[in-house]
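Shown below: input_23.cif, with mmCIF, C-alpha atoms.
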```cif
data_upload
loop_
_atom_site.group_PDB
_atom_site.id
_atom_site.type_symbol
_atom_site.label_atom_id
_atom_site.label_comp_id
_atom_site.auth_asym_id
_atom_site.auth_seq_id
_atom_site.Cartn_x
_atom_site.Cartn_y
_atom_site.Cartn_z
ATOM 1 C CA MET A 1 15.277 -15.378 -30.151
ATOM 2 C CA ASP A 2 12.533 -13.554 -32.030
ATOM 3 C CA ALA A 3 9.686 -11.512 -30.597
ATOM 4 C CA LEU A 4 7.146 -14.327 -30.898
ATOM 5 C CA GLN A 5 9.349 -16.793 -29.028
ATOM 6 C CA LEU A 6 10.207 -14.243 -26.357
ATOM 7 C CA ARG A 7 6.531 -13.406 -25.914
ATOM 8 C CA LYS A 8 5.704 -17.101 -25.508
ATOM 9 C CA GLN A 9 8.531 -17.517 -22.999
ATOM 10 C CA LEU A 10 7.311 -14.503 -21.022
ATOM 11 C CA ILE A 11 3.736 -15.784 -20.945
ATOM 12 C CA GLU A 12 4.869 -19.217 -19.766
ATOM 13 C CA TYR A 13 7.240 -17.786 -17.187
ATOM 14 C CA THR A 14 4.551 -15.494 -15.789
ATOM 15 C CA ALA A 15 2.084 -18.379 -15.566
ATOM 16 C CA GLU A 16 4.689 -20.387 -13.662
ATOM 17 C CA LEU A 17 5.237 -17.555 -11.169
ATOM 18 C CA PHE A 18 1.506 -17.550 -10.434
ATOM 19 C CA SER A 19 1.000 -21.322 -10.391
ATOM 20 C CA GLU A 20 3.951 -21.857 -8.017
ATOM 21 C CA GLY A 21 2.561 -19.217 -5.672
ATOM 22 C CA PHE A 22 5.392 -16.728 -6.004
ATOM 23 C CA LEU A 23 2.975 -14.061 -7.205
ATOM 24 C CA ASP A 24 -0.708 -13.456 -6.608
ATOM 25 C CA GLU A 25 -3.397 -11.326 -8.299
ATOM 26 C CA GLN A 26 -1.979 -8.157 -6.723
ATOM 27 C CA PHE A 27 0.844 -8.298 -9.287
ATOM 28 C CA THR A 28 -1.812 -8.183 -11.999
ATOM 29 C CA GLN A 29 -3.263 -5.073 -10.280
ATOM 30 C CA LEU A 30 0.159 -3.420 -10.592
ATOM 31 C CA GLN A 31 0.334 -4.301 -14.284
ATOM 32 C CA GLN A 32 -3.155 -2.896 -14.855
ATOM 33 C CA LEU A 33 -2.093 0.413 -13.287
ATOM 34 C CA GLN A 34 0.766 0.753 -15.773
ATOM 35 C CA ASP A 35 -0.112 2.915 -18.757
ATOM 36 C CA GLU A 36 1.346 5.544 -21.047
ATOM 37 C CA THR A 37 1.349 8.124 -18.210
ATOM 38 C CA ASN A 38 3.060 5.627 -15.905
ATOM 39 C CA PRO A 39 5.058 3.386 -18.294
ATOM 40 C CA ASN A 40 7.503 1.993 -15.699
ATOM 41 C CA PHE A 41 5.105 1.691 -12.816
ATOM 42 C CA VAL A 42 5.583 -2.036 -12.152
ATOM 43 C CA VAL A 43 9.394 -1.838 -12.179
ATOM 44 C CA GLU A 44 9.251 1.238 -9.915
ATOM 45 C CA VAL A 45 7.020 -0.334 -7.292
ATOM 46 C CA VAL A 46 8.903 -3.644 -7.350
ATOM 47 C CA SER A 47 12.230 -1.797 -6.988
ATOM 48 C CA LEU A 48 10.811 0.009 -3.974
ATOM 49 C CA PHE A 49 9.725 -3.354 -2.551
ATOM 50 C CA PHE A 50 13.305 -4.622 -2.981
ATOM 51 C CA GLN A 51 14.642 -1.556 -1.138
ATOM 52 C CA ASP A 52 12.047 -1.821 1.660
ATOM 53 C CA SER A 53 12.691 -5.552 2.077
ATOM 54 C CA GLU A 54 16.474 -5.390 2.201
ATOM 55 C CA ARG A 55 16.342 -2.716 4.855
ATOM 56 C CA LEU A 56 13.753 -4.611 6.900
ATOM 57 C CA LEU A 57 15.565 -7.955 6.653
ATOM 58 C CA ASN A 58 18.759 -6.261 7.900
ATOM 59 C CA GLU A 59 16.877 -4.686 10.785
ATOM 60 C CA LEU A 60 15.250 -8.016 11.664
ATOM 61 C CA ALA A 61 18.605 -9.822 11.653
ATOM 62 C CA LYS A 62 20.083 -7.096 13.859
ATOM 63 C CA SER A 63 17.149 -7.169 16.276
ATOM 64 C CA LEU A 64 17.212 -10.952 16.589
ATOM 65 C CA SER A 65 20.940 -10.930 17.358
ATOM 66 C CA GLN A 66 20.534 -8.706 20.436
ATOM 67 C CA GLN A 67 20.931 -10.036 23.979
ATOM 68 C CA GLU A 68 17.546 -8.682 24.927
ATOM 69 C CA ILE A 69 15.109 -9.256 22.066
ATOM 70 C CA ASP A 70 12.660 -6.429 21.480
ATOM 71 C CA PHE A 71 9.640 -8.349 20.187
ATOM 72 C CA LYS A 72 7.607 -5.177 19.727
ATOM 73 C CA LYS A 73 10.207 -3.901 17.276
ATOM 74 C CA ILE A 74 10.326 -7.234 15.464
ATOM 75 C CA ASP A 75 6.528 -7.254 15.219
ATOM 76 C CA ALA A 76 6.626 -3.792 13.653
ATOM 77 C CA TYR A 77 9.263 -4.777 11.077
ATOM 78 C CA VAL A 78 7.381 -7.961 10.151
ATOM 79 C CA HIS A 79 4.189 -5.901 9.828
ATOM 80 C CA GLN A 80 5.937 -3.505 7.460
ATOM 81 C CA LEU A 81 7.444 -6.345 5.420
ATOM 82 C CA LYS A 82 4.048 -7.971 5.057
ATOM 83 C CA GLY A 83 2.589 -4.670 3.895
ATOM 84 C CA SER A 84 5.303 -4.082 1.337
ATOM 85 C CA SER A 85 5.210 -7.644 -0.022
ATOM 86 C CA SER A 86 1.417 -7.640 -0.244
ATOM 87 C CA SER A 87 1.520 -4.430 -2.290
ATOM 88 C CA VAL A 88 3.455 -6.143 -5.078
ATOM 89 C CA GLY A 89 1.818 -9.566 -4.847
ATOM 90 C CA ALA A 90 4.882 -11.354 -3.417
ATOM 91 C CA HIS A 91 2.646 -14.059 -2.033
ATOM 92 C CA ARG A 92 5.165 -16.433 -0.460
ATOM 93 C CA VAL A 93 7.024 -13.607 1.287
ATOM 94 C CA GLN A 94 3.714 -12.343 2.605
ATOM 95 C CA ARG A 95 2.728 -15.788 3.857
ATOM 96 C CA SER A 96 6.009 -16.286 5.666
ATOM 97 C CA CYS A 97 5.408 -12.987 7.479
ATOM 98 C CA ILE A 98 2.202 -14.401 8.943
ATOM 99 C CA SER A 99 4.021 -17.303 10.635
ATOM 100 C CA PHE A 100 6.762 -14.904 11.696
ATOM 101 C CA ARG A 101 4.262 -12.690 13.444
ATOM 102 C CA ASP A 102 2.752 -15.672 15.276
ATOM 103 C CA PHE A 103 6.162 -16.674 16.666
ATOM 104 C CA CYS A 104 6.859 -13.067 17.576
ATOM 105 C CA ASN A 105 3.584 -12.803 19.489
ATOM 106 C CA ALA A 106 4.511 -16.014 21.325
ATOM 107 C CA LYS A 107 7.987 -14.531 22.056
ATOM 108 C CA ASN A 108 9.495 -17.677 20.566
ATOM 109 C CA ILE A 109 13.086 -16.787 19.615
ATOM 110 C CA GLU A 110 13.863 -20.079 17.854
ATOM 111 C CA GLY A 111 10.679 -19.784 15.833
ATOM 112 C CA CYS A 112 11.516 -16.206 14.923
ATOM 113 C CA LEU A 113 15.011 -17.150 13.800
ATOM 114 C CA GLU A 114 13.624 -19.947 11.613
ATOM 115 C CA CYS A 115 11.066 -17.567 10.159
ATOM 116 C CA LEU A 116 13.750 -15.019 9.419
ATOM 117 C CA GLN A 117 15.652 -17.631 7.399
ATOM 118 C CA LYS A 118 12.468 -18.639 5.623
ATOM 119 C CA VAL A 119 11.474 -15.088 4.749
ATOM 120 C CA LYS A 120 15.016 -14.307 3.539
ATOM 121 C CA GLN A 121 14.880 -17.389 1.338
ATOM 122 C CA GLU A 122 11.492 -16.468 -0.112
ATOM 123 C CA TYR A 123 12.625 -12.910 -0.705
ATOM 124 C CA SER A 124 15.761 -14.072 -2.492
ATOM 125 C CA LEU A 125 13.694 -16.376 -4.708
ATOM 126 C CA ILE A 126 11.104 -13.750 -5.671
ATOM 127 C CA LYS A 127 13.825 -11.177 -6.319
ATOM 128 C CA ASP A 128 15.562 -13.520 -8.779
ATOM 129 C CA LYS A 129 12.303 -14.435 -10.450
ATOM 130 C CA LEU A 130 11.128 -10.846 -10.831
ATOM 131 C CA GLU A 131 14.510 -9.801 -12.200
ATOM 132 C CA THR A 132 14.211 -12.596 -14.767
ATOM 133 C CA PHE A 133 10.666 -11.450 -15.570
ATOM 134 C CA PHE A 134 11.766 -7.849 -16.160
ATOM 135 C CA ASP A 135 14.724 -9.028 -18.224
ATOM 136 C CA LEU A 136 12.374 -10.997 -20.481
ATOM 137 C CA GLU A 137 10.068 -7.984 -20.787
ATOM 138 C CA GLN A 138 12.981 -5.749 -21.687
ATOM 139 C CA ARG A 139 14.295 -8.175 -24.299
ATOM 140 C CA LEU A 140 10.808 -8.457 -25.789
ATOM 141 C CA SER A 141 10.490 -4.683 -25.931
ATOM 142 C CA ALA A 142 13.931 -4.412 -27.586
ATOM 143 C CA THR A 143 12.765 -6.697 -30.405
ATOM 144 C CA GLY A 144 9.747 -4.475 -30.921
ATOM 145 C CA GLY A 145 7.366 -7.052 -29.475
ATOM 146 C CA SER A 146 4.357 -6.013 -27.423
ATOM 147 C CA PRO A 147 3.988 -7.368 -23.892
ATOM 148 C CA PRO A 148 1.071 -9.714 -23.189
ATOM 149 C CA LEU A 149 -1.938 -8.050 -21.588
ATOM 150 C CA PRO A 150 -2.276 -8.743 -17.852
ATOM 151 C CA MET B 1 9.491 20.647 8.285
ATOM 152 C CA ALA B 2 6.999 18.247 6.759
ATOM 153 C CA VAL B 3 8.001 16.601 3.519
ATOM 154 C CA VAL B 4 4.979 16.167 1.331
ATOM 155 C CA LYS B 5 5.485 14.094 -1.761
ATOM 156 C CA GLY B 6 2.965 15.413 -4.241
ATOM 157 C CA ASN B 7 1.368 14.057 -7.359
ATOM 158 C CA SER B 8 3.826 12.853 -9.913
ATOM 159 C CA GLN B 9 1.151 12.898 -12.598
ATOM 160 C CA GLY B 10 -0.803 15.719 -14.064
ATOM 161 C CA SER B 11 -4.470 16.263 -13.528
ATOM 162 C CA GLN B 12 -7.106 14.382 -15.421
ATOM 163 C CA ALA B 13 -9.425 17.355 -15.526
ATOM 164 C CA ASN B 14 -9.655 19.458 -18.668
ATOM 165 C CA GLY B 15 -10.460 22.815 -17.217
ATOM 166 C CA ALA B 16 -12.671 22.995 -14.189
ATOM 167 C CA GLY B 17 -15.529 24.874 -12.720
ATOM 168 C CA GLY B 18 -15.511 25.802 -9.089
ATOM 169 C CA ASN B 19 -18.015 25.248 -6.388
ATOM 170 C CA GLY B 20 -17.243 28.263 -4.280
ATOM 171 C CA ASN B 21 -14.920 26.720 -1.716
ATOM 172 C CA GLY B 22 -11.795 26.575 -3.838
ATOM 173 C CA ARG B 23 -12.463 23.013 -4.895
ATOM 174 C CA SER B 24 -12.472 22.203 -8.609
ATOM 175 C CA THR B 25 -15.281 20.260 -10.148
ATOM 176 C CA TRP B 26 -14.758 17.904 -13.017
ATOM 177 C CA PRO B 27 -16.191 18.792 -16.397
ATOM 178 C CA SER B 28 -19.446 16.938 -17.089
ATOM 179 C CA ARG B 29 -17.582 14.481 -19.344
ATOM 180 C CA GLY B 30 -14.721 13.891 -16.862
ATOM 181 C CA LYS B 31 -12.860 10.576 -17.038
ATOM 182 C CA GLY B 32 -13.917 7.650 -14.887
ATOM 183 C CA TYR B 33 -11.719 4.631 -14.483
ATOM 184 C CA SER B 34 -12.060 1.310 -16.276
ATOM 185 C CA VAL B 35 -10.220 -1.637 -14.768
ATOM 186 C CA PRO B 36 -8.383 -3.141 -17.768
ATOM 187 C CA GLY B 37 -9.628 -6.534 -18.855
ATOM 188 C CA SER B 38 -12.386 -6.738 -16.247
ATOM 189 C CA GLY B 39 -15.265 -4.799 -17.788
ATOM 190 C CA VAL B 40 -15.613 -2.905 -14.492
ATOM 191 C CA THR B 41 -15.956 0.837 -14.940
ATOM 192 C CA PHE B 42 -16.129 3.408 -12.201
ATOM 193 C CA PRO B 43 -17.900 6.611 -13.220
ATOM 194 C CA PRO B 44 -16.074 9.930 -12.860
ATOM 195 C CA LEU B 45 -16.213 11.714 -9.537
ATOM 196 C CA ARG B 46 -18.016 15.059 -9.636
ATOM 197 C CA ASN B 47 -15.455 16.770 -7.473
ATOM 198 C CA ARG B 48 -11.701 16.935 -7.442
ATOM 199 C CA LEU B 49 -10.866 15.143 -4.209
ATOM 200 C CA LYS B 50 -7.625 15.374 -2.272
ATOM 201 C CA ALA B 51 -6.080 12.555 -0.254
ATOM 202 C CA LEU B 52 -3.124 12.054 2.059
ATOM 203 C CA VAL B 53 -1.419 8.651 2.321
ATOM 204 C CA VAL B 54 0.523 8.179 5.551
ATOM 205 C CA ASP B 55 2.922 5.229 5.227
ATOM 206 C CA ASP B 56 6.672 4.843 5.397
ATOM 207 C CA MET B 57 6.927 1.775 3.149
ATOM 208 C CA SER B 58 7.681 3.237 -0.264
ATOM 209 C CA ALA B 59 6.178 0.330 -2.246
ATOM 210 C CA CYS B 60 2.940 0.713 -0.255
ATOM 211 C CA TYR B 61 2.536 4.453 -0.651
ATOM 212 C CA ARG B 62 3.558 4.372 -4.298
ATOM 213 C CA TYR B 63 0.895 1.772 -4.990
ATOM 214 C CA GLU B 64 -1.842 3.445 -2.926
ATOM 215 C CA ARG B 65 -1.127 6.783 -4.541
ATOM 216 C CA ALA B 66 -1.476 5.177 -7.986
ATOM 217 C CA ILE B 67 -4.860 3.677 -7.052
ATOM 218 C CA LEU B 68 -6.150 7.049 -5.858
ATOM 219 C CA GLN B 69 -4.665 8.919 -8.822
ATOM 220 C CA SER B 70 -6.394 6.508 -11.203
ATOM 221 C CA PHE B 71 -9.682 7.909 -9.844
ATOM 222 C CA GLY B 72 -8.353 11.427 -10.366
ATOM 223 C CA VAL B 73 -7.759 12.009 -6.660
ATOM 224 C CA GLU B 74 -4.888 14.418 -6.004
ATOM 225 C CA THR B 75 -2.682 12.513 -3.565
ATOM 226 C CA ASP B 76 0.112 13.554 -1.235
ATOM 227 C CA VAL B 77 2.255 11.342 0.954
ATOM 228 C CA ALA B 78 3.629 11.700 4.479
ATOM 229 C CA GLU B 79 6.087 9.070 5.663
ATOM 230 C CA THR B 80 5.778 9.671 9.384
ATOM 231 C CA GLY B 81 3.036 10.415 11.901
ATOM 232 C CA GLU B 82 4.829 13.634 12.800
ATOM 233 C CA GLU B 83 4.809 14.825 9.175
ATOM 234 C CA ALA B 84 1.104 14.030 8.846
ATOM 235 C CA VAL B 85 0.260 15.943 12.025
ATOM 236 C CA GLU B 86 2.396 18.892 10.927
ATOM 237 C CA ILE B 87 0.654 18.997 7.553
ATOM 238 C CA PHE B 88 -2.712 19.375 9.264
ATOM 239 C CA ALA B 89 -1.330 21.816 11.831
ATOM 240 C CA ASN B 90 -0.223 23.977 8.892
ATOM 241 C CA GLY B 91 -3.812 24.164 7.688
ATOM 242 C CA ALA B 92 -3.772 21.733 4.770
ATOM 243 C CA TYR B 93 -7.105 20.272 3.735
ATOM 244 C CA TYR B 94 -7.782 16.706 2.629
ATOM 245 C CA ASP B 95 -10.979 14.836 1.902
ATOM 246 C CA LEU B 96 -9.473 11.472 2.726
ATOM 247 C CA VAL B 97 -6.578 10.124 4.757
ATOM 248 C CA LEU B 98 -5.194 6.590 4.391
ATOM 249 C CA ILE B 99 -3.011 5.750 7.359
ATOM 250 C CA GLU B 100 -0.879 2.741 8.350
ATOM 251 C CA LYS B 101 -0.400 1.663 11.956
ATOM 252 C CA TYR B 102 3.369 1.233 12.014
ATOM 253 C CA LEU B 103 5.319 4.157 10.677
ATOM 254 C CA THR B 104 8.908 4.877 11.674
ATOM 255 C CA ILE B 105 9.705 2.422 14.440
ATOM 256 C CA TYR B 106 9.348 3.954 17.915
ATOM 257 C CA ALA B 107 8.213 7.282 16.553
ATOM 258 C CA MET B 108 4.550 8.357 16.380
ATOM 259 C CA THR B 109 2.273 5.492 15.310
ATOM 260 C CA GLY B 110 -0.604 5.824 12.871
ATOM 261 C CA VAL B 111 -2.998 5.416 15.803
ATOM 262 C CA GLU B 112 -1.480 8.362 17.660
ATOM 263 C CA ALA B 113 -1.359 10.458 14.479
ATOM 264 C CA THR B 114 -5.050 9.701 13.891
ATOM 265 C CA ARG B 115 -5.884 10.790 17.417
ATOM 266 C CA ARG B 116 -3.962 14.052 17.052
ATOM 267 C CA ILE B 117 -5.384 14.846 13.611
ATOM 268 C CA ARG B 118 -8.913 14.285 14.894
ATOM 269 C CA GLY B 119 -8.035 16.351 17.938
ATOM 270 C CA MET B 120 -7.306 19.246 15.589
ATOM 271 C CA GLY B 121 -10.886 19.076 14.354
ATOM 272 C CA PHE B 122 -10.391 17.177 11.096
ATOM 273 C CA GLN B 123 -13.725 15.629 10.164
ATOM 274 C CA GLY B 124 -12.843 14.117 6.803
ATOM 275 C CA LYS B 125 -12.743 10.391 6.109
ATOM 276 C CA MET B 126 -9.841 8.514 7.734
ATOM 277 C CA LEU B 127 -9.160 4.907 6.764
ATOM 278 C CA ALA B 128 -6.646 2.646 8.473
ATOM 279 C CA VAL B 129 -4.810 0.709 5.736
ATOM 280 C CA THR B 130 -2.630 -1.847 7.380
ATOM 281 C CA ALA B 131 -0.969 -5.226 6.925
ATOM 282 C CA PHE B 132 -2.414 -7.272 9.768
ATOM 283 C CA THR B 133 -5.704 -7.264 11.597
ATOM 284 C CA SER B 134 -6.348 -8.064 15.207
ATOM 285 C CA GLN B 135 -9.144 -7.100 17.524
ATOM 286 C CA SER B 136 -6.846 -4.925 19.633
ATOM 287 C CA ASP B 137 -5.457 -3.142 16.555
ATOM 288 C CA ARG B 138 -8.961 -2.437 15.271
ATOM 289 C CA PHE B 139 -10.150 -1.240 18.667
ATOM 290 C CA GLU B 140 -7.143 1.078 19.048
ATOM 291 C CA PHE B 141 -7.683 2.630 15.638
ATOM 292 C CA PHE B 142 -11.441 3.071 15.965
ATOM 293 C CA ASP B 143 -10.958 4.538 19.414
ATOM 294 C CA ALA B 144 -8.534 7.056 17.871
ATOM 295 C CA GLY B 145 -11.139 8.149 15.334
ATOM 296 C CA ILE B 146 -10.700 6.055 12.195
ATOM 297 C CA ASP B 147 -13.800 5.539 10.032
ATOM 298 C CA ALA B 148 -12.883 2.155 8.566
ATOM 299 C CA TYR B 149 -10.145 -0.467 8.777
ATOM 300 C CA LEU B 150 -8.808 -1.950 5.553
ATOM 301 C CA ILE B 151 -6.214 -4.682 5.026
ATOM 302 C CA LYS B 152 -3.468 -4.174 2.452
ATOM 303 C CA PRO B 153 -3.391 -4.216 -0.436
ATOM 304 C CA ILE B 154 -6.290 -1.898 -1.213
ATOM 305 C CA THR B 155 -8.064 -2.316 -4.536
ATOM 306 C CA HIS B 156 -10.215 -0.027 -6.662
ATOM 307 C CA GLU B 157 -13.293 -1.904 -5.467
ATOM 308 C CA MET B 158 -12.345 -1.400 -1.794
ATOM 309 C CA ILE B 159 -11.677 2.333 -2.010
ATOM 310 C CA TRP B 160 -14.466 3.332 -4.415
ATOM 311 C CA PRO B 161 -17.386 3.328 -1.910
ATOM 312 C CA TYR B 162 -15.514 5.782 0.330
ATOM 313 C CA LEU B 163 -14.666 8.085 -2.579
ATOM 314 C CA LEU B 164 -18.278 7.989 -3.738
ATOM 315 C CA GLN B 165 -19.540 8.790 -0.247
ATOM 316 C CA ILE B 166 -17.173 11.755 0.040
ATOM 317 C CA ASP B 167 -18.057 12.951 -3.476
ATOM 318 C CA ASN B 168 -21.794 12.736 -2.774
ATOM 319 C CA GLN B 169 -21.448 14.718 0.438
ATOM 320 C CA ILE B 170 -19.942 17.697 -1.382
ATOM 321 C CA ALA B 171 -22.482 20.144 -2.801
#
```

Written form, structure tokens:
Amino acid sequence: MDALQLRKQLIEYTAELFSEGFLDEQFTQLQQLQDETNPNFVVEVVSLFFQDSERLLNELAKSLSQQEIDFKKIDAYVHQLKGSSSSVGAHRVQRSCISFRDFCNAKNIEGCLECLQKVKQEYSLIKDKLETFFDLEQRLSATGGSPPLP
Amino acid sequence: MAVVKGNSQGSQANGAGGNGNGRSTWPSRGKGYSVPGSGVTFPPLRNRLKALVVDDMSACYRYERAILQSFGVETDVAETGEEAVEIFANGAYYDLVLIEKYLTIYAMTGVEATRRIRGMGFQGKMLAVTAFTSQSDRFEFFDAGIDAYLIKPITHEMIWPYLLQIDNQIA
């Protein structure tokens, strides 16, 4: 595939990520912060989001499997996950944290367990999609093509 | 021992004057920041400001540091409330502190760290930058001494008025 085709594919794929609500305008903010002094900024921040999220999802699963559920701890983890996801524009992950927090405040274990599954699902989806996005960017760069402006 | 993650980028200033208190001033043609593709330009700050971001989510602090650095603000990071308090106890100076509520789970919260930092006499600007808002959260933070409460993610437009206020207050 040549640079022009790859560029078109990347533009279309990015538009899809926004129109389907996977990403919001915060992702554009990240792209705008990337420059020659910070050439890998978006990949760096997104990688950190992946690390943060995987740790938090493990902690949430552990906390929700305890005999005595510590809702204060769960609230804190959900808070942190919302913060991390909002910083990269992972809109659907962020939104699922809002419902999660509501169930946590209501001390509703079933609701929390459902929300955990939902947030894991949304995280898995956005991770795949962002990895595809970065792969397209890398392939475009390898052909000498320039990335579309955010 | 506090771990302070410093600037990963070099300064934007090209030589600096001083204003007598060890702070550098920008040259008269210092860089401002233009938001790409938006036509919005923020003029350069007159002074070289210093900020501390207190957050243990690496994506959050990496992003917030980049926003501040884009304005030329020298930015350090502390990942825990204890580190932030220790930094101030060791005599460090900052113009601005951005602080999250939840830091390491069951260790010092951002609210408690704010209270202790204010208790040490710090009078600079402190902004809560957090993921959720509730009346009780806001009350707790303001009671501890925060100046403003912002919801993540911060943007250039959100942070600029505070930087300008700080910059204008410096002689």

Point to revise | Proximal residues of chain B relative to chain A (all atoms listed in the file; 9 Å) as a ChimeraX atom specification | key: /B:9-10,35-37,56-60,62-64,66-67,70,102-103,105-106,130-132,151-155

Point to revise | Distance in Å - CA of Leu64 (chain A) versus CA of Ser96 (chain A) | key: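 Separation between CA of Leu64 (chain A) and CA of Ser96 (chain A): 16.5 Å.
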
Exercise for review: Apply the PyMOL selection byres ((chain A and resi 134) around 12) to the file shown and report the selected residues as a PyMOL selection string.
Suggested key: chain A and resi 10+13-14+40+42-44+46-47+127-133+135-141+147

Practice item. Could you please determine the separation between CA of Asp95 (chain B) and CA of Gln135 (chain B) in Å, to one decimal place? Key: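 Straight-line distance from CA of Asp95 (chain B) to CA of Gln135 (chain B) works out to 27.0 Å.
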
Exercise for review: Enter the distance from CA of Leu52 (chain B) to CA of Val77 (chain B), in Å, rounded to one decimal.
Suggested key: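 According to the coordinates, CA of Leu52 (chain B) and CA of Val77 (chain B) are separated by 5.5 Å.
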
**Study point:** Point (12.6, -18.5, 0.7) neighbourhood (12 Å, all atoms listed in the file) written as a list in words
**Key:** Gly21, Phe22, Ala90, His91, Arg92, Val93, Gln94, Arg95, Ser96, Cys97, Glu114, Cys115, Leu116, Gln117, Lys118, Val119, Lys120, Gln121, Glu122, Tyr123, Ser124, Leu125, Ile126, Lys127, Asp128 and Lys129 of chain A

Review point. Got a sec to resolve the PyMOL selection byres ((chain B and resi 93) around 10) on this structure and send the residues as number ranges by chain?
Key: B: 50-52, 87-88, 90-92, 94-96, 122, 124

Review point. List as a ChimeraX atom specification: which residues have an atom within 7 Å of (6.5, -19.5, 12.3), counting all atoms listed in the file?
Key: /A:99-100,102-103,111-112,115

Check your understanding: If we count only C-alpha atoms, what is near Asp147 (chain B) at a cut-off of 10 Å, once residues fewer than 4 positions away on the same chain are taken out, given as a ChimeraX atom specification?
Key -> /B:124-128,141-143,162
